[in-house]
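Chemist: What follows is upload-v4.cif; its format and atoms are mmCIF, C-alpha atoms (C1' of nucleotides).
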data_protein
#
loop_
_atom_site.label_atom_id
_atom_site.label_comp_id
_atom_site.auth_asym_id
_atom_site.auth_seq_id
_atom_site.Cartn_x
_atom_site.Cartn_y
_atom_site.Cartn_z
CA MET M 10 0.00 0.00 0.00
CA ASP M 11 2.80 2.35 -0.85
CA ILE M 12 2.49 5.66 -2.58
CA PHE M 13 5.27 5.77 -5.15
CA THR M 14 6.53 9.28 -4.86
CA LYS M 15 9.13 8.71 -7.56
CA PRO M 16 9.20 6.40 -10.57
CA GLU M 17 12.20 4.58 -9.11
CA GLU M 18 10.02 3.48 -6.21
CA CYS M 19 7.40 1.84 -8.40
CA PRO M 20 8.11 -1.87 -8.88
CA TYR M 21 6.25 -1.99 -12.17
CA TYR M 22 8.28 0.87 -13.58
CA LEU M 23 11.48 -0.89 -12.55
CA LEU M 24 10.37 -4.24 -13.90
CA SER M 25 9.39 -3.05 -17.35
CA ARG M 26 12.43 -0.81 -17.59
CA ALA M 27 14.79 -3.63 -16.60
CA SER M 28 13.18 -5.90 -19.16
CA LEU M 29 13.63 -3.30 -21.88
CA THR M 30 17.26 -2.58 -21.04
CA ALA M 31 18.03 -6.30 -20.85
CA THR M 32 16.44 -6.81 -24.26
CA ALA M 33 18.48 -3.98 -25.75
CA ALA M 34 21.66 -5.33 -24.17
CA LEU M 35 20.93 -8.80 -25.50
CA ARG M 36 20.28 -7.49 -29.00
CA ARG M 37 23.62 -5.70 -28.97
CA GLY M 38 25.27 -8.77 -27.45
CA PHE M 39 24.05 -10.99 -30.29
CA SER M 40 25.11 -8.46 -32.87
CA SER M 41 28.62 -8.01 -31.53
CA ALA M 42 28.99 -11.78 -31.18
CA GLY M 43 28.25 -12.22 -34.85
CA VAL M 44 24.92 -13.93 -34.21
CA GLU M 45 22.96 -11.88 -36.69
CA ASN M 46 19.89 -14.01 -37.26
CA VAL M 47 18.76 -14.33 -33.65
CA ARG M 48 16.60 -11.84 -31.79
CA PRO M 49 15.89 -11.70 -28.06
CA ALA M 50 12.29 -12.70 -28.65
CA TYR M 51 13.51 -16.00 -30.07
CA MET M 52 15.03 -17.07 -26.77
CA GLY M 53 11.89 -18.56 -25.26
CA VAL M 54 11.38 -20.82 -28.26
CA LEU M 55 15.04 -21.73 -28.59
CA LEU M 56 15.43 -22.63 -24.92
CA ALA M 57 12.38 -24.88 -25.16
CA LEU M 58 13.53 -26.58 -28.37
CA TRP M 59 17.10 -27.13 -27.23
CA LEU M 60 15.59 -28.96 -24.29
CA GLU M 61 13.08 -30.91 -26.34
CA ASP M 62 13.00 -30.75 -30.11
CA GLY M 63 9.86 -31.35 -32.13
CA LEU M 64 7.37 -29.59 -29.89
CA LYS M 65 4.01 -28.48 -31.24
CA VAL M 66 2.99 -24.86 -31.63
CA LEU M 67 0.64 -25.02 -28.68
CA ASP M 68 3.32 -26.53 -26.44
CA LEU M 69 5.70 -23.75 -27.42
CA SER M 70 3.18 -20.99 -26.84
CA ARG M 71 2.45 -22.35 -23.37
CA ARG M 72 6.12 -22.67 -22.46
CA ALA M 73 7.03 -19.25 -23.81
CA GLY M 74 3.93 -17.67 -22.28
CA LEU M 75 2.65 -16.28 -25.57
CA GLU M 76 -0.68 -16.49 -27.39
CA PRO M 77 -0.81 -19.12 -30.13
CA SER M 78 -1.48 -16.46 -32.74
CA THR M 79 1.61 -14.60 -31.56
CA MET M 80 3.61 -17.80 -31.77
CA THR M 81 2.61 -18.28 -35.41
CA GLY M 82 4.23 -14.99 -36.40
CA LEU M 83 7.27 -15.62 -34.24
CA LEU M 84 7.79 -19.03 -35.84
CA ASP M 85 7.38 -17.43 -39.27
CA ARG M 86 10.32 -15.12 -38.54
CA MET M 87 12.44 -17.86 -37.02
CA GLU M 88 11.76 -20.09 -40.01
CA ARG M 89 12.63 -17.24 -42.35
CA ASP M 90 15.87 -16.77 -40.41
CA GLY M 91 16.80 -20.41 -40.91
CA LEU M 92 16.52 -21.59 -37.31
CA LEU M 93 13.67 -24.07 -37.53
CA THR M 94 11.27 -25.89 -39.80
CA ARG M 95 7.65 -26.95 -39.55
CA THR M 96 7.09 -30.60 -40.30
CA PRO M 97 3.74 -32.37 -40.16
CA ASP M 98 3.11 -34.57 -37.15
CA PRO M 99 2.75 -38.20 -38.29
CA ASP M 100 0.35 -38.96 -35.43
CA ASP M 101 -1.89 -35.93 -35.81
CA ARG M 102 -2.32 -34.37 -39.18
CA ARG M 103 -3.59 -31.11 -37.66
CA ALA M 104 -0.38 -30.53 -35.74
CA GLN M 105 3.02 -29.23 -36.74
CA ARG M 106 6.25 -30.45 -35.24
CA ILE M 107 8.65 -27.55 -34.78
CA CYS M 108 12.17 -28.83 -35.33
CA LEU M 109 15.48 -27.03 -35.18
CA THR M 110 17.54 -26.84 -38.34
CA PRO M 111 21.25 -27.75 -38.15
CA ASP M 112 21.84 -24.00 -37.94
CA GLY M 113 19.39 -23.65 -35.09
CA LEU M 114 21.01 -26.53 -33.28
CA SER M 115 24.61 -25.45 -33.76
CA ALA M 116 23.74 -21.87 -32.85
CA ARG M 117 23.24 -22.99 -29.28
CA ASP M 118 26.81 -22.57 -28.10
CA PRO M 119 27.50 -19.10 -29.51
CA ILE M 120 24.08 -17.91 -28.44
CA MET M 121 24.49 -19.17 -24.91
CA LYS M 122 27.94 -17.63 -24.79
CA ALA M 123 26.54 -14.26 -25.85
CA VAL M 124 23.69 -14.57 -23.37
CA ASP M 125 26.08 -15.47 -20.55
CA GLU M 126 28.35 -12.55 -21.30
CA THR M 127 25.51 -10.10 -21.66
CA LEU M 128 23.82 -11.23 -18.46
CA ALA M 129 27.13 -11.07 -16.63
CA ARG M 130 27.48 -7.48 -17.78
CA ILE M 131 23.98 -6.30 -16.90
CA MET M 132 24.08 -8.13 -13.57
CA ALA M 133 27.49 -6.90 -12.60
CA GLY M 134 27.50 -6.09 -8.92
CA LEU M 135 25.02 -8.82 -8.01
CA SER M 136 26.23 -11.79 -6.02
CA ASP M 137 25.26 -15.32 -7.00
CA GLU M 138 22.85 -15.40 -4.07
CA GLU M 139 21.23 -12.18 -5.23
CA VAL M 140 20.79 -13.54 -8.73
CA GLU M 141 19.14 -16.65 -7.32
CA THR M 142 16.93 -14.51 -5.10
CA MET M 143 15.88 -12.44 -8.07
CA LYS M 144 15.03 -15.53 -10.11
CA ARG M 145 12.98 -16.88 -7.25
CA LEU M 146 11.03 -13.65 -6.84
CA LEU M 147 10.39 -13.35 -10.57
CA ARG M 148 9.07 -16.91 -10.67
CA ILE M 149 6.65 -16.04 -7.88
CA ILE M 150 5.41 -13.01 -9.78
CA ILE M 151 4.93 -15.06 -12.92
CA SER M 152 3.03 -17.80 -11.12
CA ASN M 153 0.89 -15.27 -9.25
CA THR M 154 -0.62 -14.14 -12.53
CA GLY M 155 -0.76 -17.53 -14.16
CA GLU M 156 -4.00 -18.57 -15.80
CA ARG M 157 -5.92 -21.58 -14.63
CA THR M 158 -5.39 -24.79 -16.59
CA MET O 6 29.20 -18.80 -17.18
CA ASP O 7 26.07 -20.72 -16.41
CA ILE O 8 24.38 -23.03 -18.81
CA PHE O 9 20.65 -22.55 -18.45
CA THR O 10 19.40 -26.06 -18.75
CA LYS O 11 15.80 -24.92 -18.49
CA PRO O 12 14.07 -21.70 -19.45
CA GLU O 13 13.10 -21.12 -15.83
CA GLU O 14 16.80 -20.88 -15.01
CA CYS O 15 17.47 -18.10 -17.51
CA PRO O 16 17.20 -14.68 -15.86
CA TYR O 17 16.31 -12.98 -19.12
CA TYR O 18 13.45 -15.37 -19.75
CA LEU O 19 12.12 -14.73 -16.26
CA LEU O 20 12.54 -10.99 -16.53
CA SER O 21 10.73 -10.56 -19.82
CA ARG O 22 8.00 -12.99 -18.82
CA ALA O 23 7.43 -11.25 -15.49
CA SER O 24 7.23 -7.91 -17.26
CA LEU O 25 4.63 -9.25 -19.69
CA THR O 26 2.48 -10.81 -16.98
CA ALA O 27 2.70 -7.69 -14.83
CA THR O 28 1.64 -5.57 -17.78
CA ALA O 29 -1.33 -7.82 -18.44
CA ALA O 30 -2.32 -7.74 -14.75
CA LEU O 31 -2.06 -3.96 -14.67
CA ARG O 32 -4.19 -3.62 -17.78
CA ARG O 33 -6.89 -5.76 -16.20
CA GLY O 34 -6.50 -3.84 -12.95
CA PHE O 35 -7.12 -0.51 -14.66
CA SER O 36 -10.07 -1.90 -16.54
CA SER O 37 -11.77 -3.38 -13.50
CA ALA O 38 -11.13 -0.18 -11.52
CA GLY O 39 -13.00 1.82 -14.14
CA VAL O 40 -9.86 3.61 -15.32
CA GLU O 41 -10.49 3.06 -19.00
CA ASN O 42 -8.30 5.69 -20.62
CA VAL O 43 -5.01 4.69 -18.99
CA ARG O 44 -2.66 1.96 -20.21
CA PRO O 45 0.32 0.44 -18.41
CA ALA O 46 2.74 2.09 -20.81
CA TYR O 47 1.50 5.49 -19.69
CA MET O 48 2.84 4.96 -16.16
CA GLY O 49 6.37 6.17 -16.83
CA VAL O 50 5.12 9.44 -18.28
CA LEU O 51 2.44 9.95 -15.64
CA LEU O 52 4.80 9.32 -12.74
CA ALA O 53 7.23 11.85 -14.19
CA LEU O 54 4.59 14.49 -14.85
CA TRP O 55 2.90 14.13 -11.47
CA LEU O 56 6.28 14.87 -10.00
CA GLU O 57 7.09 17.73 -12.38
CA ASP O 58 4.62 19.08 -14.92
CA GLY O 59 5.63 20.77 -18.15
CA LEU O 60 8.57 18.59 -19.09
CA LYS O 61 9.86 18.41 -22.65
CA VAL O 62 9.64 15.31 -24.83
CA LEU O 63 13.33 14.62 -24.45
CA ASP O 64 13.17 14.93 -20.67
CA LEU O 65 10.30 12.48 -20.58
CA SER O 66 11.99 9.99 -22.87
CA ARG O 67 15.08 10.02 -20.67
CA ARG O 68 13.09 9.58 -17.48
CA ALA O 69 10.91 6.83 -18.90
CA GLY O 70 13.89 5.12 -20.55
CA LEU O 71 12.40 5.26 -24.04
CA GLU O 72 13.63 6.58 -27.37
CA PRO O 73 12.33 10.04 -28.27
CA SER O 74 10.61 8.61 -31.32
CA THR O 75 8.80 6.12 -29.11
CA MET O 76 7.79 8.93 -26.80
CA THR O 77 6.18 10.82 -29.69
CA GLY O 78 3.72 8.02 -30.36
CA LEU O 79 3.09 7.45 -26.68
CA LEU O 80 2.27 11.12 -26.17
CA ASP O 81 -0.02 11.00 -29.21
CA ARG O 82 -2.09 8.29 -27.53
CA MET O 83 -2.08 9.99 -24.14
CA GLU O 84 -3.16 13.24 -25.76
CA ARG O 85 -5.92 11.45 -27.63
CA ASP O 86 -7.02 9.88 -24.33
CA GLY O 87 -7.33 13.30 -22.71
CA LEU O 88 -4.49 13.01 -20.22
CA LEU O 89 -2.12 15.71 -21.46
CA THR O 90 -1.57 18.50 -23.96
CA ARG O 91 1.38 19.73 -25.97
CA THR O 92 2.04 23.43 -25.73
CA PRO O 93 4.88 25.23 -27.51
CA ASP O 94 7.83 26.19 -25.36
CA PRO O 95 8.06 30.02 -25.31
CA ASP O 96 11.85 29.84 -24.96
CA ASP O 97 12.54 27.27 -27.70
CA ARG O 98 10.35 26.99 -30.75
CA ARG O 99 11.55 23.44 -31.42
CA ALA O 100 10.41 22.17 -28.05
CA GLN O 101 7.03 21.12 -26.69
CA ARG O 102 5.96 21.47 -23.09
CA ILE O 103 3.97 18.41 -22.00
CA CYS O 104 1.33 19.41 -19.46
CA LEU O 105 -1.27 17.32 -17.68
CA THR O 106 -4.92 18.09 -18.29
CA PRO O 107 -7.25 18.38 -15.27
CA ASP O 108 -8.25 14.79 -16.07
CA GLY O 109 -4.64 13.67 -16.09
CA LEU O 110 -4.06 15.38 -12.79
CA SER O 111 -7.15 14.10 -11.01
CA ALA O 112 -6.62 10.59 -12.34
CA ARG O 113 -3.66 10.20 -10.03
CA ASP O 114 -5.50 8.85 -7.00
CA PRO O 115 -7.59 6.15 -8.71
CA ILE O 116 -4.64 5.12 -10.84
CA MET O 117 -2.33 4.77 -7.87
CA LYS O 118 -5.01 2.84 -6.04
CA ALA O 119 -5.36 0.41 -8.94
CA VAL O 120 -1.58 0.07 -9.22
CA ASP O 121 -1.25 -0.62 -5.50
CA GLU O 122 -3.93 -3.27 -5.55
CA THR O 123 -2.57 -4.94 -8.66
CA LEU O 124 1.00 -4.97 -7.39
CA ALA O 125 -0.17 -6.38 -4.08
CA ARG O 126 -1.83 -9.19 -5.99
CA ILE O 127 1.05 -10.08 -8.28
CA MET O 128 3.57 -9.80 -5.44
CA ALA O 129 1.54 -11.84 -3.01
CA GLY O 130 3.87 -14.08 -1.04
CA LEU O 131 6.74 -11.58 -1.08
CA SER O 132 7.71 -9.91 2.18
CA ASP O 133 8.35 -6.18 2.30
CA GLU O 134 12.05 -6.88 2.52
CA GLU O 135 11.90 -9.06 -0.56
CA VAL O 136 10.08 -6.35 -2.50
CA GLU O 137 12.74 -3.85 -1.49
CA THR O 138 15.47 -6.30 -2.45
CA MET O 139 13.88 -6.80 -5.82
CA LYS O 140 13.63 -3.06 -6.43
CA ARG O 141 17.26 -2.64 -5.50
CA LEU O 142 18.41 -5.41 -7.84
CA LEU O 143 16.30 -4.09 -10.72
CA ARG O 144 17.76 -0.62 -10.26
CA ILE O 145 21.25 -2.10 -10.49
CA ILE O 146 20.36 -3.88 -13.73
CA ILE O 147 18.91 -0.70 -15.18
CA SER O 148 21.92 1.40 -14.25
CA ASN O 149 24.34 -1.23 -15.56
CA THR O 150 23.05 -0.73 -19.10
CA GLY O 151 21.86 2.83 -19.08
CA GLU O 152 24.98 4.97 -19.04
CA ARG O 153 24.47 7.32 -21.96
CA THR O 154 24.38 10.79 -20.52
"C1'" DT F 9 26.27 33.61 -42.55
"C1'" DC F 10 27.72 28.99 -42.07
"C1'" DG F 11 27.94 24.42 -40.13
"C1'" DG F 12 27.04 21.45 -36.41
"C1'" DT F 13 23.79 20.27 -32.84
"C1'" DT F 14 19.38 19.70 -30.65
"C1'" DT F 15 14.26 18.80 -30.62
"C1'" DT F 16 10.68 16.58 -32.44
"C1'" DA F 17 8.32 13.98 -35.84
"C1'" DT F 18 7.76 10.39 -39.58
"C1'" DA F 19 8.25 5.83 -41.64
"C1'" DC F 20 8.94 1.16 -41.17
"C1'" DG F 21 9.78 -3.44 -39.04
"C1'" DG F 22 9.36 -6.26 -34.98
"C1'" DC F 23 6.67 -8.19 -31.33
"C1'" DA F 24 2.75 -8.61 -28.31
"C1'" DC F 25 -2.32 -8.63 -27.27
"C1'" DC F 26 -7.28 -9.58 -28.55
"C1'" DA F 27 -11.40 -11.21 -31.10
"C1'" DA F 28 -13.28 -13.78 -34.51
"C1'" DA F 29 -13.30 -16.81 -38.17
"C1'" DT F 30 -11.43 -20.64 -40.96
"C1'" DT F 31 -9.78 -25.17 -42.06
"C1'" DA F 32 -8.70 -29.51 -41.12
"C1'" DA F 33 -8.51 -33.26 -38.31
"C1'" DC F 34 -9.55 -35.72 -34.13
"C1'" DC F 35 -12.78 -38.39 -31.29
"C1'" DA F 36 -16.75 -40.15 -28.89
"C1'" DA F 37 -21.61 -41.13 -28.68
"C1'" DG F 38 -25.41 -42.71 -30.90
"C1'" DC G 9 -20.53 -45.00 -39.68
"C1'" DT G 10 -22.19 -40.82 -39.35
"C1'" DT G 11 -22.99 -36.91 -36.59
"C1'" DG G 12 -21.45 -33.35 -33.67
"C1'" DG G 13 -18.33 -31.31 -30.38
"C1'" DT G 14 -13.46 -30.40 -29.68
"C1'" DT G 15 -8.75 -29.37 -30.78
"C1'" DA G 16 -4.55 -27.54 -33.67
"C1'" DA G 17 -2.95 -24.17 -36.29
"C1'" DT G 18 -3.49 -20.37 -38.99
"C1'" DT G 19 -5.55 -16.11 -40.79
"C1'" DT G 20 -7.51 -11.55 -40.69
"C1'" DG G 21 -7.80 -7.20 -38.80
"C1'" DG G 22 -7.11 -4.13 -35.28
"C1'" DT G 23 -4.29 -1.79 -31.61
"C1'" DG G 24 -0.48 -0.91 -28.81
"C1'" DC G 25 4.34 -0.18 -27.99
"C1'" DC G 26 9.31 -0.40 -28.89
"C1'" DG G 27 13.52 0.24 -31.76
"C1'" DT G 28 16.34 2.19 -35.90
"C1'" DA G 29 16.97 5.38 -39.48
"C1'" DT G 30 15.89 9.56 -41.39
"C1'" DA G 31 14.07 14.14 -42.01
"C1'" DA G 32 12.66 19.07 -40.89
"C1'" DA G 33 12.97 22.87 -38.19
"C1'" DA G 34 15.09 25.66 -34.86
"C1'" DC G 35 19.03 26.74 -32.10
"C1'" DC G 36 23.76 28.36 -31.46
"C1'" DG G 37 28.66 29.16 -31.78
"C1'" DA G 38 32.42 30.56 -34.72
#
Starting from the file, lay out its structure as structure tokens.

Modeler:
Amino acid sequence: MDIFTKPEECPYYLLSRASLTATAALRRGFSSAGVENVRPAYMGVLLALWLEDGLKVLDLSRRAGLEPSTMTGLLDRMERDGLLTRTPDPDDRRAQRICLTPDGLSARDPIMKAVDETLARIMAGLSDEEVETMKRLLRIIISNTGERT
Amino acid sequence: MDIFTKPEECPYYLLSRASLTATAALRRGFSSAGVENVRPAYMGVLLALWLEDGLKVLDLSRRAGLEPSTMTGLLDRMERDGLLTRTPDPDDRRAQRICLTPDGLSARDPIMKAVDETLARIMAGLSDEEVETMKRLLRIIISNTGERT
DNA sequence: TCGGTTTTATACGGCACCAAATTAACCAAG
DNA sequence: CTTGGTTAATTTGGTGCCGTATAAAACCGA
């Protein structure tokens, strides 16, 4: 029940601003690492597919926290950029299996390297415990607004 | 030098996802509070103007952490929604003074009430100390990538 | 007066939401 | 086996919001 006398006291202001600056830093990090065909928005899909290839669109949209119609456009761009392909599901002809291309697979190491370096830079001054604390708190916020089923 | 085996271990994933869910919660919070002409993105501008009215576009873009070109469109929408006006700066014919309308000024209390309630909901389960910790860590992240005076 | 800078605006692409409709395929109950 | 409800993915159309690149006008110092 605070009154936020200044923007810097408003958690929402800080959260959206931190997300924006992290996105900008990540975009520059990819660019300077020579990873030209990957955008920050791709990360949610890539992380999911590196863990489990061949997911369906609906699985991906749930894991990335995006609407299915948003995921369609995102996958369009990632397909255009050579990171993945859509292949029909043999067990369900309605569904598409989203599979990484060799490029999408081999991009993992340089991408993770760029992400690590960028995160290390923007989180400079935070201890490992503080980073873990932050992750824990963010997970709580995310689950507090999660939709039923 | 972590390897984020799962998306939930990647701080960037958590940060952008938390920002999205918080934005969605705030939008619903405004709507259910009867504050129909205010959007979450307006908060940065409103917080700055409630503190100091009559700022220029460039001042606002710096304080909100947005590009000036982004601020132009944002101010267009806020002007359309009756929250502010642009008036020419008497001292500099290039500049615009952004001033709150009576509506923009009197909207402060209901908006802050809706923000408080929404933040209390999405941060349920966090102690006051944890909220303060989070704010501190987010400010560090923002300042680590924002040095462009 | 000239040239560089500052302020704001425009244009365009990317990325997210929503609502509604479509298409095709799945599946269970009759 | 056919009917009817559901599900998967996409499409359409709209709006919002963010960045880059560029332009137009005004400012200002030399």

Chemist: Check every residue of chain G for an atom within 9 Å of chain M, counting only C-alpha atoms (C1' of nucleotides), and provide those that qualify as a list in words.

Modeler: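 Within 9 Å of chain M on chain G, we get DT15, DA16, DA17, DT18, DC26 and DG27 of chain G.
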
Chemist: Given all atoms listed in the file, how would the per-residue table for chain O near chain M read, listing every residue at most 8 Å away with its closest atom pair and distance in Å to one decimal, sorted by chain and number, as a tab-separated table?

Modeler:
residue	atom	partner	partner_atom	distance
O:Met6	CA	M:Asp125	CA	5.7
O:Asp7	CA	M:Asp125	CA	6.7
O:Ile8	CA	M:Met121	CA	7.2
O:Thr10	CA	M:Leu60	CA	7.3
O:Lys11	CA	M:Leu56	CA	6.8
O:Pro12	CA	M:Leu56	CA	5.7
O:Glu13	CA	M:Arg148	CA	7.8
O:Glu14	CA	M:Lys144	CA	7.5
O:Pro16	CA	M:Lys144	CA	6.2
O:Tyr17	CA	M:Ala31	CA	7.1
O:Tyr18	CA	M:Gly53	CA	6.6
O:Leu19	CA	M:Leu147	CA	6.1
O:Leu20	CA	M:Ser28	CA	5.8
O:Ser21	CA	M:Ser28	CA	5.3
O:Arg22	CA	M:Ile151	CA	7.0
O:Ala23	CA	M:Ile151	CA	5.2
O:Ser24	CA	M:Ser25	CA	5.3
O:Thr26	CA	M:Thr154	CA	6.4
O:Ala27	CA	M:Tyr21	CA	7.2
O:Ala30	CA	M:Thr154	CA	7.0
O:Met48	CA	M:Tyr22	CA	7.3
O:Gly49	CA	M:Tyr22	CA	6.5
O:Leu52	CA	M:Pro16	CA	5.7
O:Ala53	CA	M:Pro16	CA	6.8
O:Leu56	CA	M:Lys15	CA	7.2
O:Ala69	CA	M:Arg26	CA	7.9
O:Gly70	CA	M:Arg26	CA	6.8
O:Met117	CA	M:Ile12	CA	7.2
O:Asp121	CA	M:Met10	CA	5.7
O:Glu122	CA	M:Met10	CA	7.5
O:Leu124	CA	M:Tyr21	CA	7.7
O:Ala125	CA	M:Met10	CA	7.6
O:Arg126	CA	M:Asn153	CA	7.4
O:Ile127	CA	M:Asn153	CA	5.3
O:Met128	CA	M:Ile150	CA	5.7
O:Ala129	CA	M:Asn153	CA	7.2
O:Gly130	CA	M:Ile149	CA	7.6
O:Leu131	CA	M:Leu146	CA	7.5
O:Glu135	CA	M:Leu146	CA	7.8
O:Met139	CA	M:Met143	CA	6.4
O:Lys140	CA	M:Pro20	CA	6.2
O:Leu142	CA	M:Leu135	CA	7.4
O:Leu143	CA	M:Leu23	CA	6.1
O:Arg144	CA	M:Leu23	CA	6.7
O:Ile145	CA	M:Met132	CA	7.3
O:Ile146	CA	M:Ile131	CA	5.4
O:Ile147	CA	M:Ala27	CA	5.3
O:Asn149	CA	M:Ile131	CA	5.3
O:Thr150	CA	M:Ile131	CA	6.1
O:Gly151	CA	M:Thr30	CA	7.4

Chemist: What residues come out when you apply the PyMOL selection byres ((chain F) within 9 of (chain O)) to this file, written as an MDAnalysis selection string?

Modeler: chainID F and resid 14:18 24:25

Chemist: Using the selection just defined, write its residues with C-alpha atoms (C1' of nucleotides) as a PDB file, in the coordinates of the input.

Modeler:
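New file out.pdb:
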ATOM      1  C1'  DT F  14      19.380  19.700 -30.650  1.00  0.00           C
ATOM      2  C1'  DT F  15      14.260  18.800 -30.620  1.00  0.00           C
ATOM      3  C1'  DT F  16      10.680  16.580 -32.440  1.00  0.00           C
ATOM      4  C1'  DA F  17       8.320  13.980 -35.840  1.00  0.00           C
ATOM      5  C1'  DT F  18       7.760  10.390 -39.580  1.00  0.00           C
ATOM      6  C1'  DA F  24       2.750  -8.610 -28.310  1.00  0.00           C
ATOM      7  C1'  DC F  25      -2.320  -8.630 -27.270  1.00  0.00           C
TER       8       DC F  25
END

Chemist: For the file shown, report as a PyMOL selection string the outcome of the PyMOL selection byres ((chain F and resi 12) around 10) at residue level.

Modeler: (chain F and resi 10-11+13-14) or (chain G and resi 36-37)

Chemist: For DC26 of chain F, work out the shell of residues within 10 Å, counting all atoms listed in the file and skipping chain neighbours fewer than 6 positions away, then give it as a list in words.

Modeler: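 Counting all atoms listed in the file, the residues come to Glu76 and Ser78 of chain M; DG22 and DT23 of chain G.
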
Chemist: Report the distance between atom C1' of DA28 of chain F and atom CA of Arg86 of chain M in Å, rounded to one decimal place.

Modeler: 24.0 Å

Chemist: What do you get, as a list in words, if you spell out every residue that the PyMOL selection byres ((chain F and resi 29) around 10) selects here?

Modeler: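 The output of the PyMOL selection byres ((chain F and resi 29) around 10) on this file is DA27, DA28, DT30 and DT31 of chain F; DT19 and DT20 of chain G.
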
Chemist: Between atom CA of Asp81 of chain O and atom CA of Glu41 of chain O, what distance in Å does the model show, to one decimal?

Modeler: 16.6 Å

Chemist: For a quick check of understanding, using all atoms listed in the file, which of O:Leu88, O:Asp96, O:Ser66, O:Met83 has the smallest distance to Ser111 of chain O?

Modeler: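 Nearest to Ser111 of chain O: O:Leu88.
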
Chemist: Calculate how many Å separate atom C1' of DT28 of chain G from atom CA of Glu84 of chain O, rounding to one decimal.

Modeler: 24.6 Å

Chemist: Around segment 113-126 of chain O, with edges along x, y and z and 3 Å added on all six sides, what centre and edge lengths do you get, in Å to one decimal, as JSON?

Modeler:
{"center_x": -3.3, "center_y": 0.5, "center_z": -7.5, "size_x": 14.6, "size_y": 25.4, "size_z": 12.8}

Chemist: Given all atoms listed in the file as the basis, pick out the residue of M:Arg36, M:Leu69, M:Thr79, M:Leu64 nearest to DC23 of chain F.

Modeler: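 Using all atoms listed in the file, DC23 of chain F sits closest to M:Thr79.
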
Chemist: Mind checking which residues fall within 9 Å of Ala42 of chain M, counting all atoms listed in the file, ignoring those fewer than 2 positions away in the same chain, and posting them as a count of residues only?

Modeler: 10
